[in-house]
Each structure stands twice: as C-alpha cells, then as structure tokens.
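Engineer: See coords-v4.cif below, with mmCIF, C-alpha atoms.
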```cif
data_target
loop_
_atom_site.label_atom_id
_atom_site.label_comp_id
_atom_site.auth_asym_id
_atom_site.auth_seq_id
_atom_site.Cartn_x
_atom_site.Cartn_y
_atom_site.Cartn_z
CA MET A 1 74.56 -103.76 -29.36
CA SER A 2 76.90 -102.62 -32.09
CA HIS A 3 78.52 -99.29 -31.37
CA ASP A 4 77.83 -98.04 -34.91
CA PHE A 5 74.38 -96.70 -34.07
CA THR A 6 75.02 -93.60 -36.18
CA GLU A 7 73.73 -95.36 -39.32
CA ALA A 8 70.22 -96.11 -37.98
CA ASP A 9 67.39 -95.02 -40.28
CA GLU A 10 64.82 -94.07 -37.64
CA PRO A 11 64.99 -93.44 -33.89
CA PHE A 12 62.33 -95.59 -32.24
CA SER A 13 63.79 -99.00 -33.10
CA LEU A 14 67.18 -97.73 -31.96
CA PHE A 15 65.62 -96.41 -28.76
CA GLY A 16 64.00 -99.80 -28.18
CA ALA A 17 67.36 -101.56 -28.57
CA TRP A 18 69.05 -99.15 -26.15
CA LEU A 19 66.22 -99.51 -23.65
CA ALA A 20 66.52 -103.30 -23.85
CA ASP A 21 70.25 -102.99 -23.15
CA ALA A 22 69.52 -100.70 -20.18
CA THR A 23 66.92 -103.12 -18.83
CA ARG A 24 69.69 -105.71 -18.54
CA THR A 25 72.33 -103.41 -17.03
CA GLU A 26 70.73 -100.60 -15.00
CA PRO A 27 70.36 -101.41 -11.28
CA ASN A 28 67.19 -99.30 -10.94
CA ASP A 29 64.41 -98.02 -13.19
CA PRO A 30 65.80 -98.18 -16.74
CA ASN A 31 62.58 -96.40 -17.77
CA ALA A 32 63.34 -93.36 -15.57
CA MET A 33 63.54 -90.09 -17.47
CA ALA A 34 63.88 -86.41 -16.65
CA ILE A 35 61.01 -84.29 -17.98
CA ALA A 36 61.39 -80.53 -18.43
CA SER A 37 58.55 -78.04 -18.66
CA VAL A 38 58.25 -74.27 -18.27
CA ASP A 39 56.00 -72.20 -16.01
CA GLU A 40 53.95 -69.17 -17.03
CA ALA A 41 57.04 -66.95 -16.69
CA GLY A 42 59.11 -69.23 -18.93
CA LEU A 43 61.21 -70.53 -16.01
CA PRO A 44 62.10 -74.21 -16.54
CA ASN A 45 61.19 -77.04 -14.19
CA ILE A 46 62.62 -80.55 -14.37
CA ARG A 47 61.86 -83.78 -12.50
CA MET A 48 62.25 -87.54 -12.81
CA VAL A 49 59.28 -89.64 -13.91
CA LEU A 50 58.81 -93.19 -15.19
CA MET A 51 58.07 -93.84 -18.84
CA LYS A 52 55.14 -96.24 -19.09
CA GLY A 53 55.08 -96.81 -22.80
CA TYR A 54 56.42 -95.73 -26.17
CA ASP A 55 55.78 -96.34 -29.85
CA ALA A 56 56.07 -94.40 -33.09
CA GLU A 57 53.45 -91.97 -31.76
CA GLY A 58 55.57 -90.92 -28.78
CA ILE A 59 56.66 -91.48 -25.20
CA VAL A 60 54.04 -91.81 -22.43
CA PHE A 61 54.02 -91.14 -18.70
CA TYR A 62 51.27 -90.56 -16.13
CA THR A 63 50.71 -87.92 -13.48
CA ASN A 64 48.30 -85.75 -11.54
CA PHE A 65 47.20 -83.01 -13.92
CA GLU A 66 46.80 -80.61 -10.97
CA SER A 67 50.52 -80.95 -10.13
CA ALA A 68 53.08 -78.36 -11.23
CA LYS A 69 54.18 -80.47 -14.20
CA GLY A 70 50.59 -81.26 -15.12
CA ARG A 71 49.57 -77.61 -15.17
CA GLU A 72 52.71 -76.54 -17.05
CA LEU A 73 52.46 -79.25 -19.69
CA LEU A 74 48.76 -78.61 -20.26
CA ALA A 75 49.48 -74.90 -20.72
CA ALA A 76 52.58 -75.07 -22.95
CA LYS A 77 51.84 -78.35 -24.78
CA LYS A 78 55.60 -78.85 -25.20
CA ALA A 79 58.24 -80.76 -23.23
CA ALA A 80 61.79 -82.06 -23.31
CA GLY A 81 63.07 -85.28 -21.81
CA LEU A 82 66.26 -87.19 -21.08
CA PHE A 83 67.16 -90.81 -20.40
CA HIS A 84 70.58 -91.34 -18.81
CA TRP A 85 71.82 -94.91 -18.54
CA LYS A 86 74.99 -94.60 -16.48
CA SER A 87 75.83 -98.31 -16.71
CA LEU A 88 76.00 -98.02 -20.51
CA ARG A 89 77.40 -94.48 -20.69
CA ARG A 90 74.50 -93.55 -22.95
CA GLN A 91 71.93 -90.78 -23.09
CA VAL A 92 68.84 -90.14 -25.19
CA ARG A 93 67.42 -86.62 -25.34
CA PHE A 94 64.09 -85.76 -26.93
CA ARG A 95 61.65 -82.89 -27.25
CA GLY A 96 58.32 -82.31 -28.88
CA ASN A 97 54.65 -81.57 -28.57
CA VAL A 98 52.53 -82.90 -25.72
CA SER A 99 49.04 -84.39 -25.88
CA VAL A 100 46.81 -86.17 -23.38
CA VAL A 101 46.39 -89.94 -23.78
CA SER A 102 42.91 -91.35 -24.36
CA ASP A 103 40.66 -92.15 -21.39
CA ALA A 104 40.86 -95.82 -22.35
CA GLU A 105 44.68 -95.79 -22.17
CA ALA A 106 44.66 -93.95 -18.84
CA ASP A 107 42.00 -96.25 -17.37
CA ALA A 108 43.90 -99.37 -18.42
CA TYR A 109 47.18 -98.18 -16.93
CA PHE A 110 45.56 -96.92 -13.72
CA ALA A 111 43.85 -100.28 -13.22
CA SER A 112 47.24 -102.02 -13.53
CA ARG A 113 48.76 -100.06 -10.61
CA PRO A 114 48.89 -101.52 -7.09
CA ARG A 115 45.76 -100.73 -5.07
CA ASP A 116 47.70 -98.59 -2.58
CA SER A 117 49.08 -96.49 -5.45
CA ARG A 118 45.58 -95.97 -6.81
CA ILE A 119 44.38 -94.82 -3.39
CA GLY A 120 47.41 -92.56 -3.12
CA ALA A 121 46.43 -90.86 -6.38
CA TRP A 122 43.18 -89.78 -4.70
CA ALA A 123 44.85 -88.78 -1.43
CA SER A 124 47.72 -86.65 -2.74
CA GLN A 125 47.20 -83.03 -3.70
CA GLN A 126 50.44 -83.22 -5.64
CA SER A 127 52.78 -80.20 -5.60
CA ARG A 128 50.59 -78.24 -3.17
CA PRO A 129 51.61 -77.30 0.40
CA LEU A 130 51.37 -80.14 2.95
CA GLU A 131 51.05 -79.20 6.62
CA SER A 132 52.51 -82.47 7.91
CA ARG A 133 53.19 -86.10 7.02
CA PHE A 134 50.32 -86.98 9.34
CA ALA A 135 47.91 -84.98 7.15
CA LEU A 136 48.93 -87.09 4.14
CA GLU A 137 48.56 -90.32 6.09
CA LYS A 138 45.07 -89.25 7.24
CA ALA A 139 44.10 -88.56 3.64
CA VAL A 140 45.32 -92.02 2.60
CA VAL A 141 43.26 -93.64 5.38
CA ARG A 142 40.20 -91.58 4.42
CA GLU A 143 40.42 -92.61 0.76
CA GLY A 144 41.13 -96.22 1.75
CA VAL A 145 37.89 -96.28 3.72
CA ARG A 146 35.99 -94.63 0.86
CA PHE A 147 37.20 -97.29 -1.57
CA ALA A 148 37.20 -100.19 0.89
CA VAL A 149 34.93 -102.25 -1.36
CA GLY A 150 35.26 -102.70 -5.10
CA GLU A 151 37.61 -101.12 -7.60
CA VAL A 152 39.40 -97.83 -7.13
CA PRO A 153 38.41 -95.66 -10.12
CA ARG A 154 40.83 -93.32 -11.86
CA PRO A 155 40.58 -89.75 -10.51
CA PRO A 156 39.37 -87.26 -13.11
CA HIS A 157 42.54 -85.18 -12.57
CA TRP A 158 44.90 -88.13 -13.15
CA SER A 159 45.90 -89.22 -16.65
CA GLY A 160 48.81 -89.50 -19.05
CA PHE A 161 50.84 -87.35 -21.39
CA ARG A 162 52.27 -88.42 -24.72
CA ILE A 163 55.31 -86.52 -25.96
CA ALA A 164 55.56 -86.78 -29.75
CA PRO A 165 59.24 -86.04 -30.44
CA VAL A 166 60.31 -83.82 -33.29
CA GLU A 167 63.93 -84.29 -32.20
CA ILE A 168 65.70 -87.29 -30.63
CA GLU A 169 69.43 -87.33 -29.95
CA PHE A 170 71.48 -90.42 -29.11
CA TRP A 171 74.74 -89.90 -27.21
CA HIS A 172 77.38 -92.48 -26.40
CA ASP A 173 80.49 -91.90 -24.31
CA ARG A 174 83.81 -92.39 -26.09
CA PRO A 175 87.44 -92.03 -24.94
CA PHE A 176 88.94 -88.56 -24.54
CA ARG A 177 85.42 -87.02 -24.61
CA LEU A 178 85.18 -87.63 -28.36
CA HIS A 179 81.63 -88.88 -27.92
CA ASP A 180 79.36 -90.22 -30.64
CA ARG A 181 76.23 -88.13 -31.18
CA THR A 182 73.45 -88.66 -33.71
CA VAL A 183 70.27 -86.58 -33.85
CA PHE A 184 67.02 -87.35 -35.69
CA ARG A 185 64.76 -84.41 -36.58
CA ARG A 186 61.44 -83.88 -38.29
CA ALA A 187 59.31 -80.78 -38.79
CA ASP A 188 56.29 -82.46 -37.23
CA PRO A 189 55.18 -86.02 -36.38
CA ALA A 190 53.69 -86.53 -39.85
CA GLN A 191 57.04 -85.86 -41.58
CA PRO A 192 59.92 -88.29 -42.19
CA TRP A 193 63.02 -88.21 -40.00
CA THR A 194 66.35 -86.79 -41.07
CA ARG A 195 69.56 -88.00 -39.40
CA THR A 196 72.60 -85.86 -38.64
CA ARG A 197 75.84 -86.81 -36.94
CA LEU A 198 77.10 -84.13 -34.52
CA TYR A 199 80.48 -83.13 -33.22
CA PRO A 200 80.86 -84.05 -29.55
#
```
Rewrite the coordinates I just gave you, this time as structure tokens.
Structural biologist:
Amino acid sequence: MSHDFTEADEPFSLFGAWLADATRTEPNDPNAMAIASVDEAGLPNIRMVLMKGYDAEGIVFYTNFESAKGRELLAAKKAAGLFHWKSLRRQVRFRGNVSVVSDAEADAYFASRPRDSRIGAWASQQSRPLESRFALEKAVVREGVRFAVGEVPRPPHWSGFRIAPVEIEFWHDRPFRLHDRTVFRRADPAQPWTRTRLYP
C-alpha cells in the first residue's frame, strides 16, 4: 500500500487496507489486538483478544461476560485497543464507547466456533480462581457429556462487545524515529471524522 496514508478521508477503509496487508505478512493472528479496560478503582487492565469483525459501526470481539474484562467493560462502557503489526512496522490505536452485540450476531458467531471451543465456553469460569488443571479438564468432560448429542448452545454469559471508536490513530515507522502519525476523531459515532497529522 502507498505510504502516503495521511491523506485518507475516513479511517475504516484505511484500516481494512492495513489489515489486508497484515493478513499477508503477519506470521500469526493479524486480527490480534490489545484491549484495555479499567476496574472499579480506575486501575487499567490490558489483554490480547481476537477481533472477529469490523465495519463502520465499530470493532467486535467475543468473551465471557463474567470474566474480568467482561465485568469491567459492562461497567465502564468504554475501552481502548491497539493493533501492532510488527512485520509492517505499523500500529492502529483506537478508543470509544462499548456496546453489546445483538443476540443474533452472538449466536451466529458462537455457532461458527469449533465444537470443543463451544464446550470450553461452558466449562471455563474465566478469570476466577482454578484449583488445578485437572479441575478444568473435569469441567470440560462434564460439559462434553451434557452436550454429547445435538448442538452446543451459546451460554447466556457469553457474547460480544462492539467498540465504536471516537478516535483512531494510524502509526507507521519511519527512519530516525520520525514516524508518520495520523489521527481521526469525532465527537460521537453520529458525527463526521476530522483528520489531523501528528508529530512523531
């Protein structure tokens, strides 16, 4: 892709082009992103997740809502994220408001997962203390027996979040740390984007 990304009019088509580049060059998980949330004391948490979709409405990933990130995102309704594509020397940062995807979206994605992953979603009490690996394996066996016949339904505590960015920054490495940075901002998702070039 042309290096002169700083003249793009809106961020999502540019993000799509960068993601396509990363899909060709990254050795693992070009859709991996770090997601930051805050706990009830305002202390940040960050972890890697996999983006499972994006469009002009936002960026989507799925998780157990009873996990630490699930509880924090449901409480604060805000998040920040980062894609880092080392092979391309590029980063995309974003932040915005969080909403829950529709049941239909969550059901469709859950049904597309491997059966063992669907059973694992029932077995794992994500982010809570685990006495031993054996306890987890027993839970997986128990849920496998329970869903031995037929489809594995989506757990009620498992769904997706959509982050609707109000800010997206594109960063590209350049010699002598004189990097190219362009940020798109909007007051809320209903407003048009403004574009600003930043000093490195």
Engineer: Go ahead and compute the interatomic distance for CA of Val60 (chain A) and CA of Gly160 (chain A), in Å to one decimal.
Structural biologist: 6.6 Å
Engineer: Go through the shown structure with the PyMOL selection byres ((chain A and resi 190) around 12) and write out the matching residues as a list in words.
Structural biologist: Ala56, Glu57, Ala164, Pro165, Val166, Arg185, Arg186, Ala187, Asp188, Pro189, Gln191, Pro192 and Trp193 of chain A
Engineer: Using the chain letters and numbers from this file, what does the PyMOL selection byres ((chain A and resi 53) around 12) select? Give the answer as JSON, numbers by chain.
Structural biologist: {"A": [12, 16, 19, 31, 32, 50, 51, 52, 54, 55, 56, 57, 58, 59, 60, 61, 62, 101, 105, 106, 109, 160, 161, 162, 163]}
Engineer: With a distance cut-off of 7 Å and only C-alpha atoms, select the neighbouring residues of region 124-133 of chain A, excluding the residue or stretch itself and same-chain residues fewer than 4 positions from it, and output the selection as a list in words.
Structural biologist: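 Counting only C-alpha atoms, the residues come to Asn64, Glu66, Ser67, Ala68, Gly120 and Glu137 of chain A.
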Engineer: Those same residues, written as a PDB file, keeping the file's coordinate frame with C-alpha atoms?
Structural biologist:
```
ATOM      1  CA  ASN A  64      48.300 -85.750 -11.540  1.00  0.00           C
ATOM      2  CA  GLU A  66      46.800 -80.610 -10.970  1.00  0.00           C
ATOM      3  CA  SER A  67      50.520 -80.950 -10.130  1.00  0.00           C
ATOM      4  CA  ALA A  68      53.080 -78.360 -11.230  1.00  0.00           C
ATOM      5  CA  GLY A 120      47.410 -92.560  -3.120  1.00  0.00           C
ATOM      6  CA  GLU A 137      48.560 -90.320   6.090  1.00  0.00           C
TER       7      GLU A 137
END
```
Engineer: List, as number ranges by chain, every residue that the PyMOL selection byres ((chain A and resi 151) around 12) selects in the file provided.
Structural biologist: A: 107, 110-116, 118-119, 144, 146-150, 152-154
Engineer: Mind giving me the straight-line distance from CA of Leu14 (chain A) to CA of Arg47 (chain A) in Å, one decimal?
Structural biologist: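 Computing the Euclidean distance for CA of Leu14 (chain A) and CA of Arg47 (chain A) yields 24.5 Å.
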Engineer: So which residues touch region 85-94 of chain A within 9 Å, counting all atoms listed in the file, skipping near sequence neighbours fewer than 4 positions away, as a PyMOL selection string?
Structural biologist: chain A and resi 15+18-19+21-22+25-27+30+79-81+163+165-174+183
Engineer: Take the residues from that selection and put them in a file with C-alpha atoms, as a PDB file, in the coordinates of the input.
Structural biologist:
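As a result, selection_23.pdb now contains:
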```
ATOM      1  CA  PHE A  15      65.620 -96.410 -28.760  1.00  0.00           C
ATOM      2  CA  TRP A  18      69.050 -99.150 -26.150  1.00  0.00           C
ATOM      3  CA  LEU A  19      66.220 -99.510 -23.650  1.00  0.00           C
ATOM      4  CA  ASP A  21      70.250-102.990 -23.150  1.00  0.00           C
ATOM      5  CA  ALA A  22      69.520-100.700 -20.180  1.00  0.00           C
ATOM      6  CA  THR A  25      72.330-103.410 -17.030  1.00  0.00           C
ATOM      7  CA  GLU A  26      70.730-100.600 -15.000  1.00  0.00           C
ATOM      8  CA  PRO A  27      70.360-101.410 -11.280  1.00  0.00           C
ATOM      9  CA  PRO A  30      65.800 -98.180 -16.740  1.00  0.00           C
ATOM     10  CA  ALA A  79      58.240 -80.760 -23.230  1.00  0.00           C
ATOM     11  CA  ALA A  80      61.790 -82.060 -23.310  1.00  0.00           C
ATOM     12  CA  GLY A  81      63.070 -85.280 -21.810  1.00  0.00           C
ATOM     13  CA  ILE A 163      55.310 -86.520 -25.960  1.00  0.00           C
ATOM     14  CA  PRO A 165      59.240 -86.040 -30.440  1.00  0.00           C
ATOM     15  CA  VAL A 166      60.310 -83.820 -33.290  1.00  0.00           C
ATOM     16  CA  GLU A 167      63.930 -84.290 -32.200  1.00  0.00           C
ATOM     17  CA  ILE A 168      65.700 -87.290 -30.630  1.00  0.00           C
ATOM     18  CA  GLU A 169      69.430 -87.330 -29.950  1.00  0.00           C
ATOM     19  CA  PHE A 170      71.480 -90.420 -29.110  1.00  0.00           C
ATOM     20  CA  TRP A 171      74.740 -89.900 -27.210  1.00  0.00           C
ATOM     21  CA  HIS A 172      77.380 -92.480 -26.400  1.00  0.00           C
ATOM     22  CA  ASP A 173      80.490 -91.900 -24.310  1.00  0.00           C
ATOM     23  CA  ARG A 174      83.810 -92.390 -26.090  1.00  0.00           C
ATOM     24  CA  VAL A 183      70.270 -86.580 -33.850  1.00  0.00           C
TER      25      VAL A 183
END
```
Engineer: Report the distance between CA of Val140 (chain A) and CA of Lys69 (chain A) in Å, rounded to one decimal place.
Structural biologist: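 According to the coordinates, CA of Val140 (chain A) and CA of Lys69 (chain A) are separated by 22.2 Å.
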Engineer: Give me the residues within 10 Å of region 7-9 of chain A as a list in words, counting all atoms listed in the file and dropping any in the same chain fewer than 5 places off.
Structural biologist: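 Everything that qualifies: Leu14, Thr182, Phe184, Trp193, Thr194, Arg195, Thr196 and Arg197 of chain A.
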Engineer: Output C-alpha atoms for every residue in the selection just made, as a PDB file, keeping the file's coordinate frame.
Structural biologist:
```
ATOM      1  CA  LEU A  14      67.180 -97.730 -31.960  1.00  0.00           C
ATOM      2  CA  THR A 182      73.450 -88.660 -33.710  1.00  0.00           C
ATOM      3  CA  PHE A 184      67.020 -87.350 -35.690  1.00  0.00           C
ATOM      4  CA  TRP A 193      63.020 -88.210 -40.000  1.00  0.00           C
ATOM      5  CA  THR A 194      66.350 -86.790 -41.070  1.00  0.00           C
ATOM      6  CA  ARG A 195      69.560 -88.000 -39.400  1.00  0.00           C
ATOM      7  CA  THR A 196      72.600 -85.860 -38.640  1.00  0.00           C
ATOM      8  CA  ARG A 197      75.840 -86.810 -36.940  1.00  0.00           C
TER       9      ARG A 197
END
```
Engineer: For a quick check of understanding, using all atoms listed in the file, which of A:Leu43, A:Thr23, A:Ala135, A:Ser37 has the smallest distance to Arg95 (chain A)?
Structural biologist: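 With all atoms listed in the file as the atom set, the closest residue is A:Ser37.
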Engineer: Given 6 Å of margin on each side, can you work out the centre and size in Å (one decimal) of an axis-aligned box holding every listed atom of region 119-134 of chain A, as AutoDock Vina command-line options?
Structural biologist:
```
--center_x 48.2 --center_y -86.1 --center_z 1.5 --size_x 22.0 --size_y 29.5 --size_z 27.7
```
Engineer: Excluding same-chain residues fewer than 3 positions from Ala34 (chain A), what lies within 7 Å of it counting all atoms listed in the file, as a ChimeraX atom specification?
Structural biologist: /A:46-49,81-83
Engineer: Looking at all atoms listed in the file, which of A:Ala121, A:Val141, A:Leu178, A:Val100 is the one that sits closest to Ala75 (chain A)?
Structural biologist: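 When distances to Ala75 (chain A) are compared using all atoms listed in the file, the smallest one comes from A:Val100.
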Engineer: My list of candidates is A:Phe176, A:Phe134, A:Tyr199, A:Trp122. Which is closest to Pro156 (chain A) when distances are computed with only C-alpha atoms?
Structural biologist: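 Counting only C-alpha atoms, the residue closest to Pro156 (chain A) is A:Trp122.
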Engineer: Where atoms are missing, can you supply N, CA and C atoms for region 111-136 of chain A and output the lot as a tab-separated table (two decimals), keeping the file's coordinate frame?
Structural biologist:
```
chain	number	residue	atom	x	y	z
A	111	ALA	N	44.33	-99.02	-13.78
A	111	ALA	CA	43.85	-100.28	-13.22
A	111	ALA	C	44.98	-101.28	-12.99
A	112	SER	N	46.11	-101.11	-13.69
A	112	SER	CA	47.24	-102.02	-13.53
A	112	SER	C	48.12	-101.67	-12.32
A	113	ARG	N	47.92	-100.50	-11.74
A	113	ARG	CA	48.76	-100.06	-10.61
A	113	ARG	C	48.35	-100.80	-9.33
A	114	PRO	N	49.27	-100.93	-8.38
A	114	PRO	CA	48.89	-101.52	-7.09
A	114	PRO	C	47.77	-100.71	-6.44
A	115	ARG	N	46.91	-101.39	-5.68
A	115	ARG	CA	45.76	-100.73	-5.07
A	115	ARG	C	46.19	-99.54	-4.21
A	116	ASP	N	47.26	-99.69	-3.44
A	116	ASP	CA	47.70	-98.59	-2.58
A	116	ASP	C	48.12	-97.38	-3.41
A	117	SER	N	48.70	-97.60	-4.58
A	117	SER	CA	49.08	-96.49	-5.45
A	117	SER	C	47.85	-95.80	-6.01
A	118	ARG	N	46.82	-96.57	-6.31
A	118	ARG	CA	45.58	-95.97	-6.81
A	118	ARG	C	44.91	-95.12	-5.73
A	119	ILE	N	44.93	-95.61	-4.50
A	119	ILE	CA	44.38	-94.82	-3.39
A	119	ILE	C	45.22	-93.57	-3.17
A	120	GLY	N	46.53	-93.71	-3.27
A	120	GLY	CA	47.41	-92.56	-3.12
A	120	GLY	C	47.15	-91.47	-4.14
A	121	ALA	N	46.73	-91.86	-5.35
A	121	ALA	CA	46.43	-90.86	-6.38
A	121	ALA	C	45.24	-89.99	-5.99
A	122	TRP	N	44.31	-90.56	-5.22
A	122	TRP	CA	43.18	-89.78	-4.70
A	122	TRP	C	43.60	-88.94	-3.49
A	123	ALA	N	44.50	-89.44	-2.68
A	123	ALA	CA	44.85	-88.78	-1.43
A	123	ALA	C	45.80	-87.60	-1.61
A	124	SER	N	46.67	-87.66	-2.60
A	124	SER	CA	47.72	-86.65	-2.74
A	124	SER	C	47.26	-85.46	-3.55
A	125	GLN	N	47.41	-84.28	-2.97
A	125	GLN	CA	47.20	-83.03	-3.70
A	125	GLN	C	48.57	-82.59	-4.23
A	126	GLN	N	49.04	-83.29	-5.21
A	126	GLN	CA	50.44	-83.22	-5.64
A	126	GLN	C	50.90	-81.80	-5.92
A	127	SER	N	52.08	-81.48	-5.43
A	127	SER	CA	52.78	-80.20	-5.60
A	127	SER	C	52.23	-79.07	-4.76
A	128	ARG	N	51.15	-79.31	-4.00
A	128	ARG	CA	50.59	-78.24	-3.17
A	128	ARG	C	51.11	-78.36	-1.73
A	129	PRO	N	51.06	-77.27	-0.96
A	129	PRO	CA	51.61	-77.30	0.40
A	129	PRO	C	50.97	-78.39	1.26
A	130	LEU	N	51.80	-79.07	2.05
A	130	LEU	CA	51.37	-80.14	2.95
A	130	LEU	C	51.76	-79.75	4.37
A	131	GLU	N	50.78	-79.68	5.25
A	131	GLU	CA	51.05	-79.20	6.62
A	131	GLU	C	51.90	-80.18	7.42
A	132	SER	N	51.74	-81.48	7.17
A	132	SER	CA	52.51	-82.47	7.91
A	132	SER	C	52.37	-83.83	7.22
A	133	ARG	N	53.30	-84.73	7.53
A	133	ARG	CA	53.19	-86.10	7.02
A	133	ARG	C	51.90	-86.75	7.52
A	134	PHE	N	51.53	-86.41	8.74
A	134	PHE	CA	50.32	-86.98	9.34
A	134	PHE	C	49.08	-86.62	8.51
A	135	ALA	N	49.05	-85.40	7.97
A	135	ALA	CA	47.91	-84.98	7.15
A	135	ALA	C	47.80	-85.86	5.90
A	136	LEU	N	48.95	-86.20	5.30
A	136	LEU	CA	48.93	-87.09	4.14
A	136	LEU	C	48.45	-88.48	4.54
```
